[in-house]
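Undergrad: mmCIF, C-alpha atoms, file input_19.cif:
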```
data_entry
#
loop_
_atom_site.label_atom_id
_atom_site.label_comp_id
_atom_site.auth_asym_id
_atom_site.auth_seq_id
_atom_site.Cartn_x
_atom_site.Cartn_y
_atom_site.Cartn_z
CA MET A 1 49.30 64.83 125.14
CA GLN A 2 46.02 62.96 125.50
CA SER A 3 44.15 65.75 123.80
CA LEU A 4 46.73 65.78 120.99
CA ILE A 5 46.20 62.08 120.39
CA ALA A 6 42.44 62.58 120.53
CA LEU A 7 42.77 65.41 118.02
CA PHE A 8 44.85 63.21 115.76
CA ARG A 9 42.23 60.44 115.93
CA ILE A 10 39.47 62.84 114.94
CA PHE A 11 41.35 64.46 112.07
CA ARG A 12 43.60 61.58 111.01
CA GLU A 13 42.10 61.32 107.52
CA TYR A 14 42.74 65.01 106.87
CA LEU A 15 46.23 64.83 108.32
CA VAL A 16 47.13 61.81 106.21
CA LEU A 17 45.65 63.51 103.13
CA ALA A 18 47.70 66.63 103.79
CA LEU A 19 50.85 64.59 104.35
CA LEU A 20 50.41 62.55 101.15
CA CYS A 21 49.63 65.70 99.15
CA VAL A 22 52.77 67.39 100.46
CA ILE A 23 54.87 64.36 99.52
CA SER A 24 53.29 64.27 96.06
CA ILE A 25 53.90 67.98 95.49
CA TYR A 26 57.47 67.57 96.69
CA LEU A 27 58.00 64.75 94.18
CA ILE A 28 56.41 66.83 91.40
CA SER A 29 58.78 69.71 92.09
CA HIS A 30 61.82 67.41 92.27
CA ASN A 31 61.17 65.30 89.20
CA ASP A 32 64.69 65.79 87.88
CA SER A 33 66.41 64.70 91.10
CA VAL A 34 68.71 61.68 91.10
CA PRO A 35 66.65 59.49 93.49
CA VAL A 36 63.57 59.88 91.28
CA LYS A 37 65.58 58.98 88.18
CA VAL A 38 66.99 55.92 89.94
CA LEU A 39 63.47 54.83 90.99
CA ARG A 40 62.32 55.38 87.43
CA SER A 41 65.05 53.14 86.00
CA TYR A 42 64.09 50.36 88.41
CA SER A 43 60.44 50.66 87.38
CA ILE A 44 61.46 50.46 83.72
CA VAL A 45 63.17 47.13 84.42
CA LEU A 46 60.14 45.88 86.38
CA PHE A 47 57.39 46.87 84.00
CA SER A 48 59.04 46.69 80.59
CA SER A 49 59.37 42.92 80.77
CA LEU A 50 55.63 42.81 81.57
CA GLN A 51 54.78 45.00 78.60
CA SER A 52 56.98 43.04 76.24
CA SER A 53 55.25 39.79 77.24
CA THR A 54 51.80 41.31 76.60
CA GLY A 55 52.84 43.22 73.47
CA TRP A 56 51.69 40.38 71.19
CA LEU A 57 48.11 40.97 72.31
CA SER A 58 48.27 44.63 71.37
CA SER A 59 49.65 43.77 67.97
CA LEU A 60 46.62 41.53 67.29
CA PHE A 61 44.39 44.58 67.50
CA SER A 62 46.64 47.17 65.99
CA ARG A 63 46.68 47.93 62.31
CA GLY A 64 48.47 45.17 60.47
CA THR A 65 51.05 45.72 57.77
CA ASP A 66 49.95 45.33 54.21
CA SER A 67 52.73 43.42 52.47
CA GLU A 68 51.70 44.54 48.99
CA ALA A 69 51.70 48.19 49.92
CA LEU A 70 55.03 47.71 51.67
CA SER A 71 56.51 46.14 48.55
CA ASP A 72 55.46 49.18 46.50
CA VAL A 73 56.93 51.54 49.09
CA ASN A 74 60.06 49.42 49.19
CA VAL A 75 60.58 49.69 45.44
CA THR A 76 60.06 53.47 45.50
CA LEU A 77 62.47 53.81 48.39
CA MET A 78 65.09 51.70 46.65
CA GLU A 79 64.96 54.00 43.63
CA GLU A 80 65.28 57.03 45.90
CA VAL A 81 68.19 55.44 47.75
CA MET A 82 70.05 54.80 44.48
CA GLN A 83 69.52 58.39 43.42
CA LEU A 84 70.57 59.68 46.84
CA ARG A 85 73.72 57.58 46.78
CA ARG A 86 74.68 59.10 43.47
CA LEU A 87 73.98 62.60 44.78
CA ARG A 88 75.87 61.88 47.98
CA GLN A 89 78.91 60.81 46.02
CA GLU A 90 78.71 63.98 43.96
CA ASN A 91 78.20 66.11 47.06
CA SER A 92 81.09 64.47 48.86
CA GLU A 93 83.41 65.22 45.97
CA LEU A 94 82.31 68.84 45.86
CA ARG A 95 82.68 69.28 49.61
CA ASN A 96 86.13 67.74 49.55
CA LYS A 97 87.09 70.17 46.85
CA ILE A 98 86.12 73.20 48.94
CA GLY A 99 87.48 71.77 52.19
CA PHE A 100 84.24 70.83 54.04
CA ARG A 101 84.43 68.15 56.69
CA GLU A 102 82.85 64.80 55.86
CA ARG A 103 79.43 64.41 57.49
CA SER A 104 79.36 61.51 59.89
CA LYS A 105 77.21 58.47 59.32
CA TYR A 106 74.83 57.47 62.04
CA PRO A 107 74.45 53.78 62.88
CA LEU A 108 70.88 52.64 63.44
CA ILE A 109 69.62 50.41 66.22
CA ALA A 110 66.37 48.69 65.30
CA ALA A 111 63.81 48.52 68.11
CA GLU A 112 60.36 47.05 68.60
CA ILE A 113 57.79 49.01 70.54
CA VAL A 114 56.69 46.89 73.49
CA GLY A 115 54.54 49.47 75.23
CA LYS A 116 52.74 52.71 74.52
CA ASN A 117 51.31 55.44 76.69
CA LEU A 118 49.43 57.72 74.31
CA ALA A 119 47.30 59.49 76.90
CA TYR A 120 46.67 63.17 76.24
CA GLY A 121 49.93 65.10 76.00
CA GLN A 122 52.06 62.26 77.38
CA HIS A 123 52.97 60.11 74.37
CA LEU A 124 55.70 57.83 75.59
CA ILE A 125 56.74 54.49 74.12
CA THR A 126 58.80 51.64 75.53
CA LEU A 127 61.43 50.06 73.28
CA ASP A 128 63.05 46.66 73.62
CA THR A 129 66.59 48.03 73.34
CA GLY A 130 68.57 49.60 76.14
CA SER A 131 72.01 50.61 77.30
CA ASP A 132 73.38 47.14 76.52
CA ASP A 133 72.64 47.91 72.87
CA SER A 134 74.40 51.29 73.13
CA VAL A 135 71.16 53.26 73.47
CA ALA A 136 71.63 56.44 75.51
CA VAL A 137 69.47 59.32 76.70
CA ASN A 138 68.80 62.03 74.08
CA MET A 139 69.42 59.76 71.10
CA PRO A 140 66.98 60.50 68.28
CA VAL A 141 64.29 57.98 67.35
CA ILE A 142 63.12 57.76 63.74
CA ASN A 143 61.30 55.44 61.38
CA GLU A 144 61.07 55.24 57.61
CA GLN A 145 58.58 58.12 57.61
CA GLY A 146 60.61 60.57 59.66
CA LEU A 147 61.19 61.90 63.15
CA VAL A 148 59.50 59.94 65.91
CA GLY A 149 61.06 61.40 69.07
CA LYS A 150 64.01 60.95 71.41
CA ILE A 151 65.16 58.65 74.21
CA ILE A 152 64.54 59.99 77.71
CA ALA A 153 65.34 57.03 79.97
CA THR A 154 67.16 53.72 79.63
CA SER A 155 67.78 50.50 81.49
CA SER A 156 69.95 47.59 80.38
CA HIS A 157 67.46 46.08 77.95
CA TYR A 158 64.71 48.67 77.58
CA SER A 159 64.35 52.36 76.99
CA ILE A 160 61.59 54.95 77.01
CA ALA A 161 61.20 57.38 74.14
CA GLN A 162 59.35 60.67 74.18
CA LEU A 163 57.35 61.10 70.99
CA ALA A 164 57.22 64.33 69.02
CA LEU A 165 53.61 64.61 70.25
CA HIS A 166 54.74 64.88 73.88
CA ARG A 167 53.99 68.24 75.45
CA GLN A 168 57.64 68.79 76.38
CA PHE A 169 59.15 67.76 73.07
CA ARG A 170 61.05 70.43 71.14
CA ALA A 171 63.28 70.21 68.07
CA THR A 172 64.90 72.90 66.00
CA ALA A 173 63.46 72.71 62.51
CA LYS A 174 63.53 74.48 59.19
CA ILE A 175 61.53 74.80 56.01
CA LYS A 176 63.34 72.70 53.46
CA ARG A 177 62.52 74.97 50.52
CA SER A 178 63.28 78.40 51.97
CA ARG A 179 65.63 77.32 54.83
CA ILE A 180 63.62 79.36 57.36
CA ASP A 181 64.51 78.28 60.92
CA GLY A 182 62.15 77.71 63.81
CA PHE A 183 61.39 75.01 66.34
CA ILE A 184 58.72 72.34 66.47
CA ALA A 185 56.46 71.64 69.45
CA TRP A 186 53.26 69.72 70.08
CA LYS A 187 50.05 71.65 69.65
CA GLU A 188 47.11 69.33 70.40
CA GLY A 189 45.87 65.99 69.22
CA GLU A 190 48.27 64.71 66.58
CA ASN A 191 49.37 68.12 65.34
CA LEU A 192 52.62 70.02 65.64
CA ARG A 193 53.32 73.72 65.51
CA LEU A 194 56.35 75.39 63.96
CA LYS A 195 57.20 78.34 66.17
CA ASN A 196 59.31 81.51 65.85
CA ILE A 197 58.28 82.10 62.24
CA SER A 198 57.87 85.78 61.53
CA ARG A 199 55.29 87.31 59.19
CA THR A 200 57.89 88.22 56.59
CA ASP A 201 59.35 84.73 56.29
CA ASP A 202 58.91 82.83 53.04
CA ILE A 203 56.59 79.95 53.94
CA ILE A 204 53.61 78.45 52.14
CA VAL A 205 51.15 75.64 52.79
CA GLY A 206 52.65 72.37 51.61
CA ASP A 207 56.23 73.23 52.56
CA THR A 208 58.26 70.36 54.00
CA VAL A 209 59.61 70.74 57.54
CA VAL A 210 62.84 68.96 58.50
CA THR A 211 65.26 69.07 61.43
CA SER A 212 67.82 71.83 61.21
CA GLU A 213 71.60 71.88 61.62
CA TYR A 214 71.36 73.86 64.87
CA SER A 215 70.17 70.96 66.99
CA ASN A 216 72.66 69.21 69.22
CA ILE A 217 70.31 66.22 69.58
CA PHE A 218 68.89 65.58 66.11
CA PRO A 219 70.96 65.31 62.95
CA PRO A 220 69.82 67.62 60.16
CA GLU A 221 67.39 66.85 57.33
CA ILE A 222 65.21 64.33 59.17
CA MET A 223 61.66 64.63 57.89
CA ILE A 224 59.20 66.08 60.40
CA GLY A 225 56.07 66.95 58.43
CA VAL A 226 54.28 69.23 56.05
CA VAL A 227 52.89 72.73 56.66
CA ARG A 228 49.11 72.41 56.85
CA THR A 229 47.84 75.90 57.75
CA ILE A 230 49.31 79.35 58.25
CA GLY A 231 47.47 81.94 60.29
CA ALA A 232 47.80 84.98 62.48
CA GLY A 233 49.76 84.22 65.63
CA GLU A 234 48.90 85.03 69.22
CA GLU A 235 52.25 86.62 69.84
CA GLY A 236 52.78 89.81 67.80
CA LEU A 237 55.40 89.40 65.13
CA PHE A 238 55.15 85.64 64.71
CA ILE A 239 52.63 83.68 62.66
CA ARG A 240 50.91 80.44 63.52
CA VAL A 241 52.18 77.53 61.43
CA ASP A 242 50.50 74.17 61.92
CA VAL A 243 52.37 71.10 60.73
CA THR A 244 50.98 67.67 59.98
CA PRO A 245 53.58 65.16 61.11
CA ARG A 246 54.75 62.71 58.50
CA VAL A 247 54.92 59.85 61.00
CA SER A 248 51.69 58.02 61.82
CA PHE A 249 52.15 57.83 65.59
CA SER A 250 49.14 55.67 66.36
CA ALA A 251 50.40 52.97 63.96
CA LEU A 252 54.00 52.82 65.20
CA GLU A 253 55.35 49.32 65.65
CA ARG A 254 59.03 49.45 64.84
CA VAL A 255 61.46 52.34 65.06
CA PHE A 256 65.18 53.02 64.83
CA VAL A 257 67.38 54.70 67.39
CA LEU A 258 70.05 56.84 65.79
CA ARG A 259 73.44 56.54 67.38
CA TYR A 260 73.98 60.19 66.70
CA LYS A 261 76.92 61.64 68.55
CA ASN A 262 76.14 65.15 69.60
CA ARG A 263 78.96 67.58 70.10
CA PRO A 264 79.86 67.62 73.82
CA GLU A 265 82.10 70.67 73.41
CA GLN A 266 79.18 72.60 71.84
CA SER A 267 76.78 71.45 74.58
CA LEU A 268 79.19 72.51 77.31
CA LEU A 269 79.80 75.90 75.72
CA GLU A 270 76.07 76.53 75.25
CA ASP A 271 75.30 75.50 78.84
CA GLN A 272 78.05 77.73 80.21
CA SER A 273 76.94 80.76 78.20
CA GLY A 274 73.25 80.25 79.04
CA PHE A 275 72.25 79.36 75.50
CA ARG A 276 68.63 78.10 75.33
CA GLU A 277 68.61 74.33 74.66
CA GLU A 278 65.84 72.07 73.46
CA ALA A 279 63.76 70.66 76.36
CA ARG A 280 65.56 67.61 77.74
CA MET B 1 47.48 38.35 110.99
CA LYS B 2 44.17 39.89 111.91
CA ASP B 3 41.41 39.20 109.43
CA ILE B 4 40.93 42.85 108.57
CA TYR B 5 44.63 43.29 107.71
CA LYS B 6 44.40 40.19 105.56
CA VAL B 7 41.55 41.79 103.66
CA TYR B 8 43.55 45.05 103.35
CA ALA B 9 46.46 43.06 101.91
CA GLN B 10 44.18 41.34 99.40
CA TRP B 11 42.70 44.62 98.25
CA SER B 12 46.16 46.21 98.03
CA ALA B 13 47.25 43.33 95.83
CA ALA B 14 44.17 43.86 93.69
CA VAL B 15 45.00 47.56 93.31
CA PHE B 16 48.57 46.64 92.37
CA LEU B 17 47.16 44.26 89.78
CA LEU B 18 45.04 47.10 88.40
CA VAL B 19 48.22 49.20 88.05
CA LEU B 20 49.78 46.38 86.02
CA LEU B 21 46.64 46.06 83.90
CA GLN B 22 46.55 49.81 83.28
CA ILE B 23 50.18 49.78 82.15
CA ALA B 24 49.91 46.64 80.04
CA PHE B 25 46.46 47.07 78.51
CA GLY B 26 45.60 50.73 78.92
CA ASP B 27 46.45 51.46 75.32
CA LEU B 28 44.21 48.59 74.11
CA LEU B 29 41.22 50.14 75.85
CA ARG B 30 41.91 53.59 74.44
CA ILE B 31 39.27 55.18 72.19
CA GLY B 32 40.89 58.08 70.37
CA ASN B 33 42.67 60.00 73.11
CA ILE B 34 40.35 58.76 75.87
CA GLN B 35 41.62 56.08 78.20
CA PRO B 36 39.79 54.68 81.23
CA ASN B 37 41.49 54.74 84.62
CA LEU B 38 41.25 51.20 86.00
CA ILE B 39 43.27 52.15 89.08
CA LEU B 40 40.77 54.85 89.99
CA VAL B 41 37.85 52.45 89.62
CA GLY B 42 39.53 50.01 91.99
CA LEU B 43 40.28 52.75 94.50
CA VAL B 44 36.66 53.99 94.48
CA PHE B 45 35.56 50.48 95.40
CA ALA B 46 38.27 50.34 98.07
CA ALA B 47 37.09 53.67 99.49
CA LEU B 48 33.49 52.47 99.67
CA ARG B 49 34.64 49.21 101.26
CA PHE B 50 37.12 50.52 103.83
CA GLY B 51 36.80 54.29 104.07
CA GLN B 52 39.05 57.23 103.33
CA LEU B 53 42.22 56.31 105.20
CA PRO B 54 42.90 52.81 103.78
CA ALA B 55 41.90 53.96 100.30
CA MET B 56 44.33 56.88 100.42
CA LEU B 57 47.09 54.62 101.68
CA MET B 58 46.47 52.32 98.71
CA ALA B 59 46.10 55.22 96.26
CA PHE B 60 49.40 56.92 96.97
CA PRO B 61 51.77 54.03 96.17
CA ALA B 62 49.59 52.92 93.25
CA GLY B 63 49.77 56.39 91.69
CA LEU B 64 53.48 56.62 92.36
CA LEU B 65 54.13 53.25 90.77
CA PHE B 66 52.14 54.24 87.71
CA ASP B 67 53.95 57.57 87.40
CA LEU B 68 57.39 56.04 87.75
CA TYR B 69 56.83 53.87 84.74
CA ALA B 70 54.16 55.26 82.50
CA GLY B 71 53.71 58.81 83.72
CA ASP B 72 55.51 61.96 82.77
CA ILE B 73 55.39 63.88 86.05
CA VAL B 74 56.23 61.64 89.00
CA GLY B 75 53.87 62.37 91.86
CA LEU B 76 50.97 63.75 89.82
CA SER B 77 48.94 60.54 89.59
CA SER B 78 49.55 59.82 93.26
CA LEU B 79 48.27 63.31 94.14
CA CYS B 80 45.15 62.97 91.97
CA LEU B 81 44.36 59.41 93.06
CA THR B 82 44.84 60.27 96.74
CA ILE B 83 42.44 63.20 96.55
CA ALA B 84 39.91 61.19 94.50
CA SER B 85 40.06 58.36 97.08
CA PHE B 86 39.57 60.85 99.90
CA VAL B 87 36.45 62.26 98.23
CA SER B 88 35.10 58.79 97.42
CA GLY B 89 35.60 57.83 101.04
CA TYR B 90 33.07 60.47 102.09
CA PHE B 91 30.37 58.08 100.88
CA TYR B 92 31.66 55.25 103.05
CA ASP B 93 29.14 53.96 105.58
CA PRO B 94 30.33 51.05 107.71
CA ASP B 95 26.72 49.88 108.18
CA ARG B 96 25.88 49.93 104.49
CA VAL B 97 29.04 48.69 102.81
CA GLU B 98 27.48 45.76 100.96
CA ILE B 99 24.45 47.82 99.97
CA ASN B 100 26.63 50.60 98.57
CA LEU B 101 28.89 48.24 96.65
CA ARG B 102 25.88 46.61 94.99
CA SER B 103 24.13 49.89 94.26
CA PRO B 104 24.33 51.93 91.03
CA ARG B 105 25.29 54.85 93.28
CA THR B 106 28.81 53.46 93.07
CA VAL B 107 28.93 54.38 89.38
CA LEU B 108 27.92 57.98 90.19
CA ILE B 109 30.60 58.15 92.88
CA CYS B 110 33.08 56.86 90.31
CA VAL B 111 32.01 59.63 87.90
CA LEU B 112 32.57 62.24 90.60
CA ALA B 113 35.95 60.81 91.58
CA ALA B 114 37.08 60.51 87.97
CA LEU B 115 36.00 64.08 87.14
CA LEU B 116 37.89 65.39 90.15
CA HIS B 117 40.94 63.28 89.29
CA ASN B 118 40.98 64.47 85.68
CA LEU B 119 40.43 68.13 86.58
CA ILE B 120 43.37 68.16 88.99
CA PHE B 121 45.48 66.21 86.51
CA VAL B 122 44.73 68.56 83.65
CA PHE B 123 45.16 71.68 85.75
CA ALA B 124 48.59 70.59 86.95
CA TYR B 125 49.74 68.93 83.74
CA MET B 126 48.76 71.45 81.13
CA GLN B 127 50.19 74.58 82.76
CA THR B 128 52.86 74.95 80.12
CA VAL B 129 50.80 74.16 77.05
CA THR B 130 48.23 76.32 75.27
CA VAL B 131 45.44 74.02 74.15
CA ASN B 132 41.79 74.20 73.24
CA ILE B 133 40.12 74.24 76.68
CA GLY B 134 36.80 72.99 75.35
CA LEU B 135 38.37 70.03 73.60
CA LEU B 136 40.43 69.26 76.68
CA PHE B 137 37.45 69.46 79.03
CA TRP B 138 34.97 67.47 76.99
CA GLY B 139 37.47 65.09 75.46
CA PHE B 140 39.78 64.27 78.32
CA VAL B 141 38.12 65.34 81.58
CA VAL B 142 34.54 64.32 80.83
CA GLY B 143 35.30 61.61 78.27
CA SER B 144 37.80 59.74 80.41
CA ALA B 145 35.55 60.07 83.48
CA ALA B 146 32.58 58.65 81.57
CA TYR B 147 34.67 55.76 80.21
CA SER B 148 35.95 54.92 83.72
CA ALA B 149 32.41 55.10 85.11
CA ILE B 150 31.11 52.75 82.41
CA LEU B 151 33.83 50.25 83.29
CA SER B 152 33.00 50.60 87.00
CA ALA B 153 29.41 49.57 86.22
CA LEU B 154 30.61 46.08 85.30
CA PRO B 155 31.73 44.94 88.77
CA VAL B 156 28.67 46.61 90.32
CA LEU B 157 26.34 44.72 87.96
CA ILE B 158 28.12 41.43 88.59
CA TYR B 159 28.33 41.90 92.36
CA SER B 160 24.69 43.01 92.68
CA ARG B 161 23.58 39.71 91.16
CA THR B 162 25.57 37.58 93.57
CA ASP B 163 24.27 36.07 96.75
CA SER B 164 24.11 38.52 99.65
CA ARG B 165 26.24 36.07 101.62
CA LEU B 166 29.17 36.77 99.30
CA ARG B 167 31.21 39.61 100.79
CA VAL B 168 34.36 41.26 99.47
#
```
I'd like the structure from this file rewritten - as structure tokens, please.
TA:
Amino acid sequence: MQSLIALFRIFREYLVLALLCVISIYLISHNDSVPVKVLRSYSIVLFSSLQSSTGWLSSLFSRGTDSEALSDVNVTLMEEVMQLRRLRQENSELRNKIGFRERSKYPLIAAEIVGKNLAYGQHLITLDTGSDDSVAVNMPVINEQGLVGKIIATSSHYSIAQLALHRQFRATAKIKRSRIDGFIAWKEGENLRLKNISRTDDIIVGDTVVTSEYSNIFPPEIMIGVVRTIGAGEEGLFIRVDVTPRVSFSALERVFVLRYKNRPEQSLLEDQSGFREEAR
Amino acid sequence: MKDIYKVYAQWSAAVFLLVLLQIAFGDLLRIGNIQPNLILVGLVFAALRFGQLPAMLMAFPAGLLFDLYAGDIVGLSSLCLTIASFVSGYFYDPDRVEINLRSPRTVLICVLAALLHNLIFVFAYMQTVTVNIGLLFWGFVVGSAAYSAILSALPVLIYSRTDSRLRV
């Protein structure tokens, strides 16, 4: 016993190091467990209020909004909205005539960004809206430019959103012009890659990429970006399609959370039949 | 409470404060994709002041706290910070604490600790992503380590110009 204690005294640093490493590795492998999620929600409550109180300092140094440029954009958008309303009316009448269901409208919850973590591959933001404002996990996050990301954690008054530049972010997408389907994932820096596009698909540089109808998280036709380059892929039949995101992630200040109701029956069926889902 | 435990408590509070600063102001200090690691800088100083064991015991909860809020993989920062603190603690000499803390050697130790921290972090974090290794190494691993080391030079410069009777 004495020798054991003596041994422990000699190697205590190594033993403590080994113990802490084992605990860390255990936590890493059990990131999705309930206790970790509970701890995470408590930390959101603790730190979000800190970030929101220091957010004003960040905004002093971040790019300011140019009111003149915004006015021009506003006028252009208003014209587009009027045109879209007219087209929507026309579309609705046509769909009613051939028996299509009415597409649902998605209420928006405006949110200010009170914290950012834009370290390499992480790209998480903290919003000042939470479950008390009806924000829930997996709700899409957008701004006037397009798709920003999705909610991954909430507390009563704050929530954390995973940006489209996060390494785990995935969204089913399509080329607006040719309706080719694929899925979008982060590549590196501030670039995205459209995957599962085969060599024979009709795609050109400059094509617009939007969310597709096959997603159970994102409503269709949300702007993602524009095809920047097309090249030979690493994986056989597929080509490499790089997409420049429409959203300027480093200049994000305000976003909207879409109260988009996904289809629980579809989710359940896909889970039961082993359908591959977007990364949660 | 014994004096030494009082000092441990003060340093632990300082490390906790660094966690808060990293969360609140980390993005302000970012240059491109490179962010300094204020928590690591504090832990290197703690390792040189107290040795491996106290530094590791401060590093683990600090990393965990950071991961729970701002990190993606819970446990990764605590693993990297613990190992970096352990390595920094190798340079601890109870007879030369004040000399080491006032010496530019501290900055070099910070570079080593930061490089090790970033290498482990990148190795574990980027397993599922195909990225440009060169860009990742020079941009994130080396860049972030250099930025952290530059920030660590500030307290060394300030402390080295104080009276030798001032002890932390």
Undergrad: Carefully work through the PyMOL selection byres ((chain A) within 8 of (chain B)) for this structure and note down the residues it includes, as a ChimeraX atom specification.
TA: /A:12-13,16-17,20-21,23-28,31,36,39-40,43-44,47,50-51,54-55,58,61,115-120,122,124,167,187-189
Undergrad: Convert the current residue selection to file output with C-alpha atoms, as a PDB file, in the coordinates of the input.
TA:
```pdb
ATOM      1  CA  ARG A  12      43.600  61.580 111.010  1.00  0.00           C
ATOM      2  CA  GLU A  13      42.100  61.320 107.520  1.00  0.00           C
ATOM      3  CA  VAL A  16      47.130  61.810 106.210  1.00  0.00           C
ATOM      4  CA  LEU A  17      45.650  63.510 103.130  1.00  0.00           C
ATOM      5  CA  LEU A  20      50.410  62.550 101.150  1.00  0.00           C
ATOM      6  CA  CYS A  21      49.630  65.700  99.150  1.00  0.00           C
ATOM      7  CA  ILE A  23      54.870  64.360  99.520  1.00  0.00           C
ATOM      8  CA  SER A  24      53.290  64.270  96.060  1.00  0.00           C
ATOM      9  CA  ILE A  25      53.900  67.980  95.490  1.00  0.00           C
ATOM     10  CA  TYR A  26      57.470  67.570  96.690  1.00  0.00           C
ATOM     11  CA  LEU A  27      58.000  64.750  94.180  1.00  0.00           C
ATOM     12  CA  ILE A  28      56.410  66.830  91.400  1.00  0.00           C
ATOM     13  CA  ASN A  31      61.170  65.300  89.200  1.00  0.00           C
ATOM     14  CA  VAL A  36      63.570  59.880  91.280  1.00  0.00           C
ATOM     15  CA  LEU A  39      63.470  54.830  90.990  1.00  0.00           C
ATOM     16  CA  ARG A  40      62.320  55.380  87.430  1.00  0.00           C
ATOM     17  CA  SER A  43      60.440  50.660  87.380  1.00  0.00           C
ATOM     18  CA  ILE A  44      61.460  50.460  83.720  1.00  0.00           C
ATOM     19  CA  PHE A  47      57.390  46.870  84.000  1.00  0.00           C
ATOM     20  CA  LEU A  50      55.630  42.810  81.570  1.00  0.00           C
ATOM     21  CA  GLN A  51      54.780  45.000  78.600  1.00  0.00           C
ATOM     22  CA  THR A  54      51.800  41.310  76.600  1.00  0.00           C
ATOM     23  CA  GLY A  55      52.840  43.220  73.470  1.00  0.00           C
ATOM     24  CA  SER A  58      48.270  44.630  71.370  1.00  0.00           C
ATOM     25  CA  PHE A  61      44.390  44.580  67.500  1.00  0.00           C
ATOM     26  CA  GLY A 115      54.540  49.470  75.230  1.00  0.00           C
ATOM     27  CA  LYS A 116      52.740  52.710  74.520  1.00  0.00           C
ATOM     28  CA  ASN A 117      51.310  55.440  76.690  1.00  0.00           C
ATOM     29  CA  LEU A 118      49.430  57.720  74.310  1.00  0.00           C
ATOM     30  CA  ALA A 119      47.300  59.490  76.900  1.00  0.00           C
ATOM     31  CA  TYR A 120      46.670  63.170  76.240  1.00  0.00           C
ATOM     32  CA  GLN A 122      52.060  62.260  77.380  1.00  0.00           C
ATOM     33  CA  LEU A 124      55.700  57.830  75.590  1.00  0.00           C
ATOM     34  CA  ARG A 167      53.990  68.240  75.450  1.00  0.00           C
ATOM     35  CA  LYS A 187      50.050  71.650  69.650  1.00  0.00           C
ATOM     36  CA  GLU A 188      47.110  69.330  70.400  1.00  0.00           C
ATOM     37  CA  GLY A 189      45.870  65.990  69.220  1.00  0.00           C
TER      38      GLY A 189
END
```
Undergrad: Would you compute the distance between CA of Gln162 in chain A and CA of Val19 in chain B? Give it in Å to one decimal.
TA: 21.2 Å
Undergrad: Under the PyMOL selection byres ((chain A and resi 194) around 12), which residues of this model are included? Write them out as a PyMOL selection string.
TA: chain A and resi 170-175+180-187+191-193+195-198+203+207-211+224-231+233+238-245
Undergrad: Quick one: everything within 9 Å of range 158-163 of chain B, counting all atoms listed in the file, minus sequence neighbours fewer than 5 positions away in the same chain. Send it as a list in words.
TA: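 Final neighbour list, sorted by chain and number: Ile99, Leu101, Arg102, Ser103 and Ala153 of chain B.
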Undergrad: Nearest to Ile217 in chain A: which of A:Arg199, A:Val141, A:Leu269, A:Lys176 is it, counting all atoms listed in the file?
TA: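 Using all atoms listed in the file, Ile217 in chain A sits closest to A:Val141.
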Undergrad: Please write the residues picked by the PyMOL selection byres ((chain A and resi 249) around 10) on this file as a CSV table (one decimal) with C-alpha atoms, keeping the file's coordinate frame.
TA:
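Below you can see selection13.csv, which holds the result:
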```csv
chain,number,residue,atom,x,y,z
A,118,LEU,CA,49.4,57.7,74.3
A,123,HIS,CA,53.0,60.1,74.4
A,148,VAL,CA,59.5,59.9,65.9
A,163,LEU,CA,57.4,61.1,71.0
A,164,ALA,CA,57.2,64.3,69.0
A,165,LEU,CA,53.6,64.6,70.2
A,190,GLU,CA,48.3,64.7,66.6
A,245,PRO,CA,53.6,65.2,61.1
A,246,ARG,CA,54.8,62.7,58.5
A,247,VAL,CA,54.9,59.8,61.0
A,248,SER,CA,51.7,58.0,61.8
A,250,SER,CA,49.1,55.7,66.4
A,251,ALA,CA,50.4,53.0,64.0
A,252,LEU,CA,54.0,52.8,65.2
A,253,GLU,CA,55.4,49.3,65.6
```
Undergrad: For the atom pair CA of Ala161 in chain A and CA of Ile113 in chain A, what is the interatomic distance in Å to one decimal place?
TA: 9.7 Å
Undergrad: Using CA of Asp128 in chain A and CA of Arg259 in chain A as the two end points, give the distance in Å to one decimal.
TA: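 Here the two named atoms are 15.6 Å from each other.
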Undergrad: Residues within 9 Å of Ser12 in chain B, please, as a PyMOL selection string. Count all atoms listed in the file; anything in the same chain fewer than 4 positions from it doesn't count.
TA: chain B and resi 7-8+16-17+46+58+62
Undergrad: Could the residues in this selection be written to a file with C-alpha atoms, as a compact mmCIF listing (two decimals), in the frame of the given file?
TA:
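Here's the written file result15.txt:
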```
# COMPACT_ATOMS: atom_id res chain seq x y z
CA VAL B 7 41.55 41.79 103.66
CA TYR B 8 43.55 45.05 103.35
CA PHE B 16 48.57 46.64 92.37
CA LEU B 17 47.16 44.26 89.78
CA ALA B 46 38.27 50.34 98.07
CA MET B 58 46.47 52.32 98.71
CA ALA B 62 49.59 52.92 93.25
```
Undergrad: If you count all atoms listed in the file, which residues fall within 10 Å of Phe45 in chain B, apart from same-chain ones fewer than 6 positions away, as a PyMOL selection string?
TA: chain B and resi 11+51+55+85+88-89+92+100-101+106-107+109-110+152+155-156
